[in-house]
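Asks: What follows is the file protein30.txt, containing compact mmCIF, C-alpha atoms:
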# COMPACT_ATOMS: atom_id res chain seq x y z
CA LEU A 1 69.38 -2.29 102.13
CA GLU A 2 71.17 -1.90 105.44
CA ASP A 3 71.20 -5.67 105.92
CA HIS A 4 73.13 -5.85 102.66
CA GLY A 5 75.60 -3.10 103.61
CA ILE A 6 73.93 -0.12 101.89
CA THR A 7 72.68 2.63 104.20
CA PRO A 8 71.19 5.80 102.68
CA TYR A 9 70.52 8.62 105.13
CA GLY A 10 69.22 12.16 105.15
CA TYR A 11 67.83 14.92 107.33
CA TRP A 12 66.35 18.42 107.37
CA LYS A 13 66.98 20.96 110.14
CA GLY A 14 65.30 24.36 110.29
CA THR A 15 66.05 26.95 112.96
CA PHE A 16 64.37 30.21 113.93
CA TYR A 17 66.42 32.81 115.83
CA GLY A 18 64.60 35.63 117.59
CA LEU A 19 66.76 38.60 118.59
CA THR A 20 65.10 40.00 121.72
CA GLY A 21 67.43 42.93 122.45
CA GLY A 22 70.85 44.47 121.90
CA GLY A 23 72.95 43.76 118.86
CA LEU A 24 73.15 45.92 115.74
CA ASP A 25 69.43 46.18 115.03
CA SER A 26 66.06 46.32 116.71
CA PRO A 27 64.51 43.00 117.79
CA ARG A 28 63.77 40.80 114.81
CA GLY A 29 64.01 37.20 113.62
CA ALA A 30 66.00 35.09 111.19
CA PHE A 31 65.57 31.57 109.83
CA ASP A 32 68.04 29.14 108.27
CA GLU A 33 67.96 25.51 107.25
CA GLU A 34 70.13 22.55 106.30
CA ILE A 35 69.38 19.48 104.19
CA ARG A 36 71.87 16.63 103.87
CA MET A 37 71.68 13.39 101.92
CA GLY A 38 74.30 10.67 102.04
CA LEU A 39 75.21 7.04 101.55
CA LYS A 40 77.26 4.62 103.67
CA LEU A 41 78.62 1.32 102.36
CA ASP A 42 79.74 -1.62 104.51
CA PHE A 43 81.94 -3.83 102.32
CA GLY A 44 81.89 -6.57 104.96
CA LYS A 45 78.22 -7.14 104.20
CA LEU A 46 78.55 -6.28 100.51
CA ILE A 47 81.54 -8.36 99.44
CA GLY A 48 82.95 -9.90 102.61
CA ILE A 49 85.77 -7.43 103.39
CA ASP A 50 85.20 -6.88 107.10
CA GLY A 51 86.23 -3.47 108.43
CA LEU A 52 86.11 -1.61 105.10
CA THR A 53 83.50 1.15 104.73
CA ALA A 54 82.82 4.11 102.45
CA GLU A 55 80.77 7.27 102.87
CA GLY A 56 79.78 10.30 100.81
CA SER A 57 77.13 13.03 100.95
CA VAL A 58 75.86 16.34 99.62
CA ARG A 59 74.33 19.27 101.50
CA TRP A 60 72.14 22.33 100.99
CA ARG A 61 72.07 25.38 103.30
CA ASP A 62 70.21 28.66 103.01
CA GLY A 63 68.57 31.34 105.12
CA ARG A 64 69.15 34.71 106.73
CA ASN A 65 72.19 35.09 108.97
CA PRO A 66 71.11 36.13 112.50
CA ASN A 67 74.58 37.58 113.10
CA ASN A 68 73.70 40.42 110.70
CA TYR A 69 71.58 41.75 113.57
CA VAL A 70 73.52 40.42 116.57
CA GLY A 71 76.98 41.63 115.53
CA ALA A 72 79.13 38.97 117.18
CA SER A 73 82.37 37.72 115.66
CA SER A 74 82.13 34.80 113.24
CA ASN A 75 83.23 32.52 116.09
CA PHE A 76 80.20 33.42 118.21
CA ASN A 77 77.58 33.52 115.45
CA PRO A 78 74.26 32.40 117.00
CA SER A 79 73.90 30.01 114.03
CA LYS A 80 76.19 27.09 113.30
CA TYR A 81 74.70 26.69 109.81
CA GLN A 82 76.10 29.75 108.03
CA SER A 83 79.31 28.41 106.45
CA GLY A 84 79.16 26.80 103.02
CA GLN A 85 75.73 28.09 102.02
CA GLN A 86 73.78 26.73 99.03
CA TRP A 87 74.52 23.23 97.74
CA ARG A 88 77.85 21.66 98.59
CA LEU A 89 79.74 18.46 97.88
CA MET A 90 80.66 16.97 101.25
CA PRO A 91 83.47 14.50 102.01
CA PHE A 92 83.60 11.11 100.28
CA PHE A 93 86.19 8.64 101.53
CA LEU A 94 87.16 5.07 102.43
CA THR A 95 87.94 3.77 105.94
CA TYR A 96 89.46 0.47 106.97
CA THR A 97 89.55 -0.70 110.59
CA THR A 98 91.24 -4.00 111.40
CA PRO A 99 88.65 -6.33 112.99
CA GLU A 100 91.53 -7.96 114.89
CA LEU A 101 95.29 -7.60 114.50
CA LEU A 102 97.98 -9.03 116.81
CA GLY A 103 95.20 -10.11 119.14
CA VAL A 104 93.80 -6.57 119.49
CA LYS A 105 90.38 -5.53 118.17
CA GLU A 106 90.32 -2.33 116.10
CA LEU A 107 94.07 -1.87 116.56
CA LEU A 108 94.52 0.12 113.37
CA THR A 109 92.27 2.50 111.42
CA ILE A 110 93.33 4.07 108.14
CA SER A 111 91.03 6.47 106.29
CA GLY A 112 91.44 8.70 103.27
CA GLY A 113 89.89 10.45 100.30
CA TRP A 114 88.16 13.81 99.99
CA GLN A 115 87.88 14.36 103.71
CA ASN A 116 87.40 16.91 106.51
CA PRO A 117 89.62 16.45 109.60
CA TYR A 118 87.00 18.40 111.59
CA ASP A 119 84.91 15.19 111.57
CA PHE A 120 87.58 13.16 113.38
CA PHE A 121 89.85 15.43 115.46
CA ALA A 122 88.75 17.41 118.56
CA ASP A 123 85.47 15.52 118.30
CA GLN A 124 83.08 16.45 121.13
CA PRO A 125 79.61 14.98 120.49
CA ASP A 126 77.84 16.56 123.51
CA SER A 127 78.80 20.08 122.38
CA LYS A 128 76.92 19.54 119.11
CA LEU A 129 73.60 19.73 120.96
CA PHE A 130 74.04 23.51 121.09
CA MET A 131 73.34 26.12 118.42
CA ASN A 132 76.03 28.79 118.90
CA ASN A 133 78.84 28.44 116.39
CA ALA A 134 81.59 28.75 119.02
CA ILE A 135 80.33 25.91 121.23
CA ALA A 136 79.10 23.52 118.56
CA THR A 137 81.66 24.09 115.80
CA THR A 138 84.69 26.39 115.93
CA LYS A 139 85.74 25.85 119.60
CA GLY A 140 88.03 28.86 119.21
CA ILE A 141 90.07 27.11 116.50
CA GLY A 142 88.34 28.45 113.41
CA GLY A 143 86.59 31.72 112.71
CA VAL A 144 88.71 34.81 113.38
CA ASN A 145 91.92 32.74 113.73
CA GLY A 146 91.83 31.61 110.11
CA PHE A 147 91.88 27.84 110.57
CA PRO A 148 89.21 26.17 108.38
CA TRP A 149 87.53 24.54 111.38
CA SER A 150 83.99 23.96 110.18
CA SER A 151 81.85 21.29 108.54
CA SER A 152 82.31 22.99 105.15
CA TYR A 153 86.00 22.18 104.58
CA ALA A 154 87.24 19.20 102.57
CA ALA A 155 90.56 18.30 100.94
CA TRP A 156 92.51 15.28 99.72
CA GLY A 157 94.21 13.43 102.55
CA GLY A 158 93.61 11.01 105.37
CA PHE A 159 94.42 9.90 108.89
CA LEU A 160 95.92 6.93 110.72
CA LYS A 161 94.67 5.86 114.15
CA VAL A 162 96.28 3.33 116.48
CA LYS A 163 94.37 1.88 119.44
CA PRO A 164 96.69 -0.57 121.24
CA VAL A 165 94.30 -0.98 124.18
CA GLU A 166 90.63 -0.22 124.64
CA TRP A 167 91.28 2.95 126.69
CA HIS A 168 94.07 4.65 124.71
CA TYR A 169 94.50 5.92 121.14
CA ALA A 170 96.83 8.05 119.03
CA MET A 171 96.04 9.48 115.61
CA ALA A 172 97.56 11.75 112.98
CA GLY A 173 96.26 13.20 109.73
CA LEU A 174 97.79 14.88 106.68
CA TYR A 175 95.72 16.89 104.18
CA MET A 176 95.99 19.52 101.49
CA ALA A 177 95.65 23.05 102.87
CA ILE A 178 93.44 24.95 100.40
CA PRO A 179 92.98 28.75 100.68
CA ASP A 180 89.35 29.93 100.84
CA ALA A 181 88.11 26.34 100.66
CA THR A 182 84.97 27.03 102.72
CA LYS A 183 83.69 29.84 100.47
CA MET A 184 80.18 29.47 99.15
CA SER A 185 81.24 30.02 95.53
CA ASN A 186 83.29 26.81 95.15
CA HIS A 187 80.48 24.49 96.37
CA GLY A 188 83.11 22.04 97.69
CA LEU A 189 84.26 21.28 94.15
CA ASP A 190 87.83 22.61 94.49
CA LEU A 191 89.14 19.09 93.91
CA ALA A 192 92.34 20.44 92.31
CA GLY A 193 92.95 22.84 95.19
CA TYR A 194 93.00 26.63 94.97
CA ALA A 195 92.00 27.43 91.39
CA PRO A 196 93.39 31.02 91.06
CA ASN A 197 96.91 29.86 91.98
CA PRO A 198 97.58 26.16 92.77
CA ASN A 199 101.05 27.13 94.07
CA GLU A 200 99.35 28.66 97.12
CA ASN A 201 98.15 25.26 98.36
CA GLY A 202 100.00 23.87 101.37
CA LEU A 203 100.00 21.07 103.93
CA TYR A 204 97.52 20.61 106.77
CA PHE A 205 98.74 18.36 109.60
CA LEU A 206 96.93 17.26 112.77
CA ALA A 207 97.84 14.95 115.65
CA GLU A 208 95.87 13.85 118.72
CA THR A 209 96.25 11.36 121.53
CA GLY A 210 93.95 10.55 124.39
CA VAL A 211 92.55 8.09 126.89
CA THR A 212 88.95 6.91 127.08
CA PRO A 213 88.46 5.36 130.53
CA LYS A 214 85.30 3.85 131.97
CA LEU A 215 85.21 4.84 135.62
CA GLY A 216 83.77 2.96 138.57
CA SER A 217 81.19 0.22 138.79
CA ALA A 218 78.85 2.29 136.59
CA LYS A 219 81.54 2.31 133.83
CA LEU A 220 81.17 6.05 133.26
CA PRO A 221 82.77 6.82 129.87
CA GLY A 222 85.24 9.66 129.49
CA LYS A 223 87.62 11.17 126.98
CA TYR A 224 90.78 13.11 127.85
CA ALA A 225 92.78 14.27 124.85
CA ILE A 226 95.43 16.71 123.65
CA GLY A 227 95.97 17.69 120.04
CA THR A 228 97.82 20.05 117.75
CA ILE A 229 97.09 21.58 114.33
CA TYR A 230 99.53 22.86 111.71
CA TRP A 231 97.93 24.97 108.95
CA GLY A 232 100.62 25.42 106.34
CA LEU A 233 99.59 28.58 104.48
CA GLU A 234 101.42 31.89 104.39
CA ASN A 235 100.04 34.59 106.70
CA LYS A 236 101.07 37.88 108.31
CA SER A 237 101.34 38.76 111.98
CA PHE A 238 99.67 41.86 113.44
CA PHE A 239 102.97 43.73 112.95
CA GLY A 240 103.49 42.72 109.32
CA GLN A 241 105.92 39.81 109.58
CA THR A 242 105.29 36.94 107.17
CA TYR A 243 104.94 33.38 108.47
CA ASP A 244 104.65 30.15 106.49
CA GLN A 245 102.13 28.52 108.83
CA LYS A 246 99.74 28.82 111.74
CA CYS A 247 99.84 26.49 114.75
CA ASP A 248 97.32 25.56 117.41
CA ILE A 249 97.10 23.29 120.45
CA TYR A 250 93.96 22.09 122.25
CA TRP A 251 92.95 20.10 125.33
CA GLN A 252 89.68 18.23 125.80
CA ALA A 253 88.12 16.60 128.87
CA ASP A 254 84.69 14.94 128.62
CA GLN A 255 83.21 12.73 131.32
CA MET A 256 79.90 11.13 132.17
CA LEU A 257 79.36 12.13 135.81
CA PHE A 258 76.27 10.12 136.69
CA ARG A 259 74.42 7.20 135.12
CA GLU A 260 70.84 6.33 135.92
CA ALA A 261 70.10 2.77 136.95
CA SER A 262 69.96 0.36 134.06
CA PRO A 263 66.66 -1.44 133.46
CA ALA A 264 66.48 -5.00 134.73
CA PRO A 265 66.93 -7.59 131.97
CA GLU A 266 63.83 -9.44 130.91
CA ALA A 267 63.78 -13.09 131.92
CA PRO A 268 63.72 -15.41 128.90
CA ALA A 269 60.63 -17.47 128.20
CA PRO A 270 60.87 -21.02 129.64
CA LEU A 271 61.91 -23.69 127.19
CA ALA A 272 60.34 -27.13 126.79
CA LYS A 273 60.37 -29.45 129.77
CA GLY A 274 63.46 -31.61 130.24
CA ALA A 275 63.76 -35.33 130.83
CA THR A 276 61.32 -36.83 133.34
CA ASP A 277 60.97 -40.09 135.25
CA GLY A 278 57.21 -39.73 135.37
CA LYS A 279 57.25 -38.34 138.91
CA SER A 280 59.16 -35.08 138.46
CA PHE A 281 60.66 -32.95 135.72
CA LYS A 282 63.46 -30.44 135.19
CA GLU A 283 62.87 -27.24 133.28
CA ALA A 284 65.60 -26.12 130.86
CA LYS A 285 66.53 -22.45 131.25
CA GLU A 286 68.58 -19.94 129.26
CA PRO A 287 71.10 -17.80 131.15
CA VAL A 288 69.88 -14.26 131.81
CA ALA A 289 71.87 -11.71 129.77
CA PRO A 290 73.43 -8.84 131.75
CA ALA A 291 71.51 -5.57 131.68
CA LYS A 292 72.54 -3.07 129.02
CA LEU A 293 74.02 0.06 130.59
CA SER A 294 71.64 3.00 130.49
CA ASP A 295 72.74 6.08 128.50
CA GLN A 296 70.57 8.31 130.73
CA GLY A 297 72.50 10.57 133.06
CA LEU A 298 74.68 13.66 133.37
CA TYR A 299 77.55 14.43 130.99
CA LEU A 300 80.27 17.09 131.31
CA PHE A 301 82.36 18.47 128.43
CA THR A 302 85.24 20.96 128.49
CA PHE A 303 87.59 22.31 125.83
CA PHE A 304 90.55 24.71 125.93
CA ASN A 305 92.31 26.10 122.87
CA TYR A 306 95.54 28.08 122.51
CA ALA A 307 97.10 29.67 119.41
CA PRO A 308 100.07 32.09 119.31
CA LYS A 309 98.93 35.68 119.81
CA TYR A 310 101.18 37.27 117.18
CA ASP A 311 99.06 36.02 114.24
CA ASN A 312 95.82 34.77 115.84
CA ALA A 313 93.09 37.21 116.84
CA MET A 314 91.72 34.93 119.60
CA PRO A 315 94.67 33.09 121.19
CA PHE A 316 92.68 31.77 124.18
CA TYR A 317 89.31 30.04 124.12
CA PHE A 318 87.55 27.94 126.78
CA GLN A 319 84.18 26.22 126.88
CA THR A 320 82.37 23.92 129.25
CA GLY A 321 78.89 22.47 129.46
CA LEU A 322 76.55 19.97 131.07
CA VAL A 323 74.04 17.75 129.28
CA TYR A 324 71.49 15.56 131.04
CA LYS A 325 69.77 12.87 129.01
CA GLY A 326 66.42 11.62 130.32
CA LEU A 327 66.03 14.01 133.27
CA ILE A 328 62.22 14.00 133.22
CA PRO A 329 60.59 10.62 134.02
CA GLY A 330 59.04 9.13 130.91
CA ARG A 331 61.16 11.37 128.62
CA ASP A 332 64.17 9.06 128.36
CA LYS A 333 65.49 10.43 125.04
CA ASP A 334 65.13 14.15 125.80
CA GLN A 335 68.28 16.20 126.45
CA LEU A 336 68.70 19.26 128.67
CA GLY A 337 71.91 21.25 128.25
CA VAL A 338 73.64 24.43 129.39
CA ALA A 339 77.01 25.62 128.08
CA PHE A 340 79.40 28.56 128.40
CA GLY A 341 82.13 29.70 126.01
CA LEU A 342 84.71 32.49 126.43
CA GLY A 343 87.32 33.84 124.00
CA SER A 344 90.07 36.37 124.74
CA TYR A 345 91.45 38.62 122.00
CA SER A 346 95.16 39.08 121.31
CA TYR A 347 96.99 41.92 123.04
CA TYR A 348 99.19 42.19 119.94
CA LYS A 349 96.05 42.79 117.86
CA ILE A 350 95.06 45.61 120.21
CA VAL A 351 98.53 47.19 120.01
CA ALA A 352 98.46 47.00 116.21
CA GLU A 353 95.04 48.67 116.19
CA GLU A 354 96.33 51.41 118.52
CA ASN A 355 99.24 52.01 116.13
CA ALA A 356 96.74 52.31 113.28
CA GLY A 357 94.72 54.94 115.19
CA LYS A 358 91.85 52.73 116.36
CA THR A 359 90.80 53.49 119.93
CA ILE A 360 87.99 50.99 120.61
CA HIS A 361 89.00 47.32 120.79
CA GLN A 362 87.59 43.89 121.33
CA THR A 363 89.03 42.37 124.51
CA ASN A 364 86.89 39.28 125.05
CA GLU A 365 83.67 37.67 123.90
CA ALA A 366 81.44 35.12 125.59
CA VAL A 367 78.21 33.19 125.25
CA ILE A 368 75.94 31.22 127.55
CA GLU A 369 73.33 28.92 126.05
CA ALA A 370 70.59 26.66 127.39
CA ASP A 371 68.67 24.08 125.30
CA TYR A 372 66.04 21.41 125.75
CA ARG A 373 65.67 18.84 122.97
CA VAL A 374 62.28 17.14 122.96
CA GLN A 375 62.57 13.85 121.07
CA MET A 376 59.12 13.61 119.53
CA SER A 377 59.80 10.34 117.70
CA LYS A 378 62.78 8.41 116.30
CA PHE A 379 62.93 10.80 113.34
CA LEU A 380 61.74 14.15 114.78
CA TYR A 381 62.85 16.49 117.54
CA VAL A 382 61.92 20.04 118.58
CA GLN A 383 64.52 22.07 120.47
CA PRO A 384 63.79 25.41 122.17
CA PHE A 385 66.98 27.28 123.09
CA TRP A 386 68.07 30.52 124.68
Mind turning the file's structure into structure tokens?
Replies:
Amino acid sequence: LEDHGITPYGYWKGTFYGLTGGGLDSPRGAFDEEIRMGLKLDFGKLIGIDGLTAEGSVRWRDGRNPNNYVGASSNFNPSKYQSGQQWRLMPFFLTYTTPELLGVKELLTISGGWQNPYDFFADQPDSKLFMNNAIATTKGIGGVNGFPWSSSYAAWGGFLKVKPVEWHYAMAGLYMAIPDATKMSNHGLDLAGYAPNPNENGLYFLAETGVTPKLGSAKLPGKYAIGTIYWGLENKSFFGQTYDQKCDIYWQADQMLFREASPAPEAPAPLAKGATDGKSFKEAKEPVAPAKLSDQGLYLFTFFNYAPKYDNAMPFYFQTGLVYKGLIPGRDKDQLGVAFGLGSYSYYKIVAEENAGKTIHQTNEAVIEADYRVQMSKFLYVQPFW
């Protein structure tokens, strides 16, 4: 099917969380799971339109929320699988990337449909190794700040990406802003927007630009980006003023720090003997292809988020982490990672709580996590984490 441009895919993930101490309850465990099934179409292979693809999927989530016992904010939930529980319609959309335009490969990408900007903006693949919701998903953008920054959001819209050279890109997206779109009850079927009052829908705008250099003789890949988010729904500040939108700005710096030596290319088998004069012969040879760069090595990721403190509970958030792929000899696909995330709560929120008679306040919240993913086979991994 894939040879003909039709690629079905699917997976199951199940996670056990054991609370060993602290939190809201005595030590106990929780379990949740996710199942996702989808389909990708490549219209270049199907009907000869190179660069045009389509994708759509559905998802099921269930299980006990470990944060019921831990008591962290929604940002720092130990589980990244708690939003959009039960079955859910996921994004389905078309994407066209120019194979070559004005002499530049992949100069222009345009994509649209029922889509989630979370899948394309502030994308940080190495952070997704981890389990905590802050590090893997919200990055300080979603959760207590009210932006729908999770895998469970979808709305009509699309994005445009321009890549004039291999190492630089700029992109912008415009979507419908739908209140309560990630709630379990709508199952991702709010295709007409907010059902109780369609007039409450708004505009959701994102922009990002960055560079993606390959440093040194080892061609170490990196990504350095800055982006902004405009969430165009009415909200109130901590002192009661009404605003028509929320805004956010983020910075991202990811870099491969070290690459293990690439394996030597295999020499091609000798071809048939060449012309001979009966006394000697020449052997025809194929040129040896250059070695493929190894993906084993050490990766660094960092992310910083800022949102105005007058209507965002967590105006500052920072995370950083290291991931090493193939650290143990003979375990080339395994990944070892450690990450740290820190969020600081708004002083205006604290003042508003003081004015309301509350005397105990959140000031900051943090998490440190360590994981080791054991790749058992191409289709199975086991990942202890702490």
Asks: Quick check, in Å to one decimal: how far apart do atom CA of A:Thr97 and atom CA of A:Thr53 lie?
Replies: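 So the answer is 8.6 Å.
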Asks: Which one of A:Gly222, A:Gly341, A:Gly216, A:Gly48 sits closest to A:Glu369 if you count all atoms listed in the file?
Replies: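 Smallest distance to A:Glu369 is found for A:Gly341.
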Asks: How many Å separate atom CA of A:Trp231 from atom CA of A:Gly38?
Replies: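 If I compute the distance from atom CA of A:Trp231 to atom CA of A:Gly38, I get 28.5 Å.
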Asks: Dump as CSV the rows for residues of stretch 281-348 of chain A within 10 Å of stretch 254-260 of chain A: closest atom pair and distance in Å with one decimal, all atoms listed in the file counted, ordered by chain and rising residue number.
Replies:
residue,atom,partner,partner_atom,distance
A:Leu293,CA,A:Arg259,CA,8.5
A:Ser294,CA,A:Glu260,CA,6.4
A:Asp295,CA,A:Arg259,CA,6.9
A:Gln296,CA,A:Glu260,CA,5.6
A:Gly297,CA,A:Arg259,CA,4.4
A:Leu298,CA,A:Phe258,CA,5.1
A:Tyr299,CA,A:Met256,CA,4.2
A:Leu300,CA,A:Gln255,CA,5.3
A:Phe301,CA,A:Asp254,CA,4.2
A:Thr302,CA,A:Asp254,CA,6.0
A:Phe303,CA,A:Asp254,CA,8.4
A:Thr320,CA,A:Asp254,CA,9.3
A:Gly321,CA,A:Asp254,CA,9.5
A:Leu322,CA,A:Met256,CA,9.5
A:Val323,CA,A:Met256,CA,9.3
A:Tyr324,CA,A:Phe258,CA,9.2
A:Lys325,CA,A:Arg259,CA,9.5
A:Gly326,CA,A:Glu260,CA,8.9
A:Leu327,CA,A:Glu260,CA,9.4
Asks: Just want the 8 Å neighbourhood of A:Val144, counted on only C-alpha atoms, with same-chain residues fewer than 5 positions away dropped. Output as a list in words.
Replies: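 Non-adjacent residues within range: Ser73, Ser74, Asn75, Asn312, Ala313 and Met314 of chain A.
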Asks: Restricting the calculation to only C-alpha atoms: of A:Leu203, A:Val104, A:Ile6, A:Leu160, which residue gets closest to A:Phe43?
Replies: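 Looking at the shortest contact to A:Phe43, the residue is A:Ile6.
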Asks: Would you mind telling me which residue in A:Gln252, A:Thr95, A:Ser127, A:Ser152 lies nearest to A:His187 when using all atoms listed in the file?
Replies: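 Of A:Gln252, A:Thr95, A:Ser127, A:Ser152, the one nearest A:His187, counting all atoms listed in the file, is A:Ser152.
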Asks: For a test of reading the model, state the distance in Å between atom CA of A:Ala177 and atom CA of A:Asn116, rounded to one decimal.
Replies: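 A separation of 10.9 Å between them.
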Asks: What lies within 8 Å of A:Asp248 using all atoms listed in the file, ignoring chain neighbours under 6 positions off, as a list in words?
Replies: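 Close residues of A:Asp248: Ile141, Thr228, Ile229, Tyr230, Asn305, Tyr306, Ala307 and Pro308 of chain A.
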Asks: Which of these, A:Gly227, A:Gly143, A:Pro27, A:Gly157, has the shortest distance to A:Tyr169 once you count all atoms listed in the file?
Replies: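 Ranking A:Gly227, A:Gly143, A:Pro27, A:Gly157 by distance to A:Tyr169, first place goes to A:Gly227.
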Asks: Select, from A:Gly140, A:Pro329, A:Pro8, A:Met176, the residue with the minimum atom-to-atom distance to A:Ser57, counting all atoms listed in the file.
Replies: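 Among the listed residues, the smallest separation from A:Ser57 belongs to A:Pro8.
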Asks: In terms of the shortest atom-to-atom distance over all atoms listed in the file, which of A:Asn132, A:Glu354, A:Asn145, A:Asp311 is closest to A:Gly240?
Replies: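 The shortest atom-to-atom distance to A:Gly240 comes from A:Asp311.
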Asks: For stretch 79-90 of chain A, find every residue with an atom within 6 Å (counting all atoms listed in the file), except residues of its own chain fewer than 6 positions away, and show them as a list of chain:residue names.
Replies: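 My list of contacting residues is A:Ser57, A:Val58, A:Arg59, A:Trp60, A:Arg61, A:Asp62, A:Met131, A:Asn132, A:Asn133, A:Ser152, A:Thr182, A:Met184, A:His187, A:Gly188.
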Asks: Is there a way to get, as a PyMOL selection string, all residues within 6 Å of the point (90.3, 33.4, 121.2) in file coordinates, counting all atoms listed in the file?
Replies: chain A and resi 140+314-317+343-345
Asks: Extract, using all atoms listed in the file, all DNA, RNA and protein residues at most 10 Å from A:His4, discarding same-chain residues fewer than 3 positions from it, and format them as a ChimeraX atom specification.
Replies: /A:1,7,41-47
Asks: Kindly save the residues from that selection, with C-alpha atoms included, as a PDB file, keeping the file's coordinate frame.
Replies:
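Just written: out.pdb:
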ATOM      1  CA  LEU A   1      69.380  -2.290 102.130  1.00  0.00           C
ATOM      2  CA  THR A   7      72.680   2.630 104.200  1.00  0.00           C
ATOM      3  CA  LEU A  41      78.620   1.320 102.360  1.00  0.00           C
ATOM      4  CA  ASP A  42      79.740  -1.620 104.510  1.00  0.00           C
ATOM      5  CA  PHE A  43      81.940  -3.830 102.320  1.00  0.00           C
ATOM      6  CA  GLY A  44      81.890  -6.570 104.960  1.00  0.00           C
ATOM      7  CA  LYS A  45      78.220  -7.140 104.200  1.00  0.00           C
ATOM      8  CA  LEU A  46      78.550  -6.280 100.510  1.00  0.00           C
ATOM      9  CA  ILE A  47      81.540  -8.360  99.440  1.00  0.00           C
TER      10      ILE A  47
END
Asks: Pick out the residues sitting within 12 Å of A:Ile110, and hand them over as a PyMOL selection string; count all atoms listed in the file, and ignore anything fewer than 2 positions along from it in its own chain.
Replies: chain A and resi 51-54+93-98+106-108+112-113+120+157-163+171-174
